[in-house]
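Student: Quick one, upload.cif (mmCIF, C-alpha atoms):
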data_run
#
loop_
_atom_site.label_atom_id
_atom_site.label_comp_id
_atom_site.auth_asym_id
_atom_site.auth_seq_id
_atom_site.Cartn_x
_atom_site.Cartn_y
_atom_site.Cartn_z
CA MET A 24 0.00 0.00 0.00
CA LEU A 25 2.86 2.34 0.82
CA ALA A 26 4.84 1.45 -2.34
CA PRO A 27 2.24 2.67 -4.87
CA CYS A 28 1.94 5.94 -3.01
CA LEU A 29 5.72 6.48 -3.01
CA LEU A 30 5.92 5.50 -6.67
CA ARG A 31 3.21 8.00 -7.56
CA ARG A 32 5.05 10.74 -5.64
CA ALA A 33 8.34 9.87 -7.36
CA ILE A 34 6.69 10.00 -10.77
CA LEU A 35 5.38 13.48 -10.00
CA THR A 36 8.50 14.75 -8.21
CA VAL A 37 11.19 13.82 -10.75
CA PRO A 38 9.77 15.92 -13.63
CA LEU A 39 9.13 18.76 -11.20
CA VAL A 40 12.79 18.71 -10.09
CA PHE A 41 13.96 18.79 -13.71
CA LEU A 42 11.63 21.67 -14.49
CA VAL A 43 12.91 23.69 -11.51
CA ALA A 44 16.51 22.93 -12.51
CA LEU A 45 15.84 24.21 -16.04
CA LEU A 46 14.23 27.38 -14.75
CA VAL A 47 16.99 28.09 -12.21
CA SER A 48 19.92 27.41 -14.54
CA GLU A 49 21.28 30.35 -16.51
CA PRO A 50 20.58 30.14 -20.24
CA VAL A 51 23.56 30.19 -22.59
CA ARG A 52 23.86 33.49 -24.38
CA ALA A 53 24.53 33.74 -28.10
CA ASP A 54 27.94 35.34 -27.58
CA GLN A 55 29.16 32.41 -25.46
CA GLU A 56 30.81 29.56 -27.30
CA ALA A 57 31.30 26.05 -26.04
CA GLY A 58 34.90 24.92 -25.67
CA THR A 59 37.90 26.99 -26.52
CA ALA A 60 37.58 30.19 -28.49
CA ILE A 61 39.25 30.19 -31.91
CA PRO A 62 40.22 33.60 -33.25
CA ALA A 63 38.19 34.70 -36.25
CA GLU A 64 41.35 35.15 -38.35
CA SER A 65 42.22 31.45 -38.13
CA ARG A 66 38.69 30.18 -38.81
CA PRO A 67 37.78 29.64 -42.46
CA CYS A 68 34.65 31.47 -43.47
CA VAL A 69 31.39 29.65 -44.07
CA ASP A 70 31.32 30.91 -47.66
CA CYS A 71 34.70 29.26 -48.30
CA HIS A 72 33.37 25.91 -47.03
CA ALA A 73 30.23 26.28 -49.13
CA PHE A 74 32.32 27.15 -52.20
CA GLU A 75 34.59 24.12 -51.70
CA PHE A 76 31.57 21.89 -51.21
CA MET A 77 29.95 23.20 -54.37
CA GLN A 78 33.19 22.72 -56.32
CA ARG A 79 33.40 19.08 -55.20
CA ALA A 80 29.73 18.56 -56.02
CA LEU A 81 30.24 20.04 -59.50
CA GLN A 82 33.25 17.80 -60.11
CA ASP A 83 31.21 14.77 -59.03
CA LEU A 84 28.39 15.79 -61.36
CA LYS A 85 30.80 16.24 -64.27
CA LYS A 86 32.31 12.82 -63.59
CA THR A 87 28.86 11.22 -63.38
CA ALA A 88 27.74 12.92 -66.59
CA TYR A 89 30.88 11.71 -68.39
CA ASN A 90 30.35 8.16 -67.10
CA LEU A 91 26.70 8.22 -68.20
CA ASP A 92 27.65 9.58 -71.61
CA THR A 93 30.30 6.90 -72.06
CA ARG A 94 27.92 4.17 -70.90
CA THR A 95 25.18 5.43 -73.26
CA GLU A 96 27.61 5.47 -76.17
CA THR A 97 28.73 1.91 -75.36
CA LEU A 98 25.14 0.69 -75.19
CA LEU A 99 24.28 2.35 -78.51
CA LEU A 100 27.29 0.70 -80.17
CA GLN A 101 26.21 -2.67 -78.78
CA VAL A 102 22.69 -2.18 -80.17
CA GLU A 103 24.06 -1.17 -83.58
CA LYS A 104 26.37 -4.18 -83.58
CA ARG A 105 23.51 -6.50 -82.65
CA ASN A 106 21.29 -5.03 -85.39
CA LEU A 107 24.10 -5.39 -87.91
CA CYS A 108 24.70 -9.02 -86.93
CA ASP A 109 20.96 -9.75 -87.15
CA CYS A 110 20.85 -8.12 -90.57
CA ILE A 111 23.82 -10.14 -91.83
CA ALA A 112 22.36 -13.36 -90.44
CA ALA A 113 19.01 -12.65 -92.09
CA ASN A 114 20.71 -11.95 -95.44
CA LEU A 115 22.70 -15.18 -95.22
CA LEU A 116 19.53 -17.20 -94.66
CA ASN A 117 17.82 -15.71 -97.73
#
Rewrite the coordinates I just gave you, this time as structure tokens.

Tutor:
Amino acid sequence: MLAPCLLRRAILTVPLVFLVALLVSEPVRADQEAGTAIPAESRPCVDCHAFEFMQRALQDLKKTAYNLDTRTETLLLQVEKRNLCDCIAANLLN
């Protein structure tokens, strides 16, 4: 009988303690950074990272386009070769 009552109180108390802890703790301001501060001069800019990422993406797209073009050309040559062989075989039978 005592255990369910204590369990019910614990279930209500634990979230309340967390809520009070969140309200009492000081929020982190935007000017505070976690860890060590790195001077702005030594940090690469976000635009530089975005530019490098876009360059790599463009190179990957060019490589993929070249591979697709080469594969398409190979498949077309195979189809032409197959059609030519079928044509020659049909002419030999006639």

Student: Calculate how many Å separate atom CA of Ala80 of chain A from atom CA of Cys68 of chain A, rounding to one decimal.

Tutor: 18.7 Å

Student: Using Å and a single decimal, report how far atom CA of Ala88 of chain A sits from atom CA of Glu103 of chain A.

Tutor: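 Interatomic distance here is 22.4 Å.
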
Student: To one decimal place in Å, what is the distance between atom CA of Arg94 of chain A and atom CA of Ala112 of chain A?

Tutor: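 Atom-to-atom, atom CA of Arg94 of chain A and atom CA of Ala112 of chain A are spaced 26.8 Å apart.
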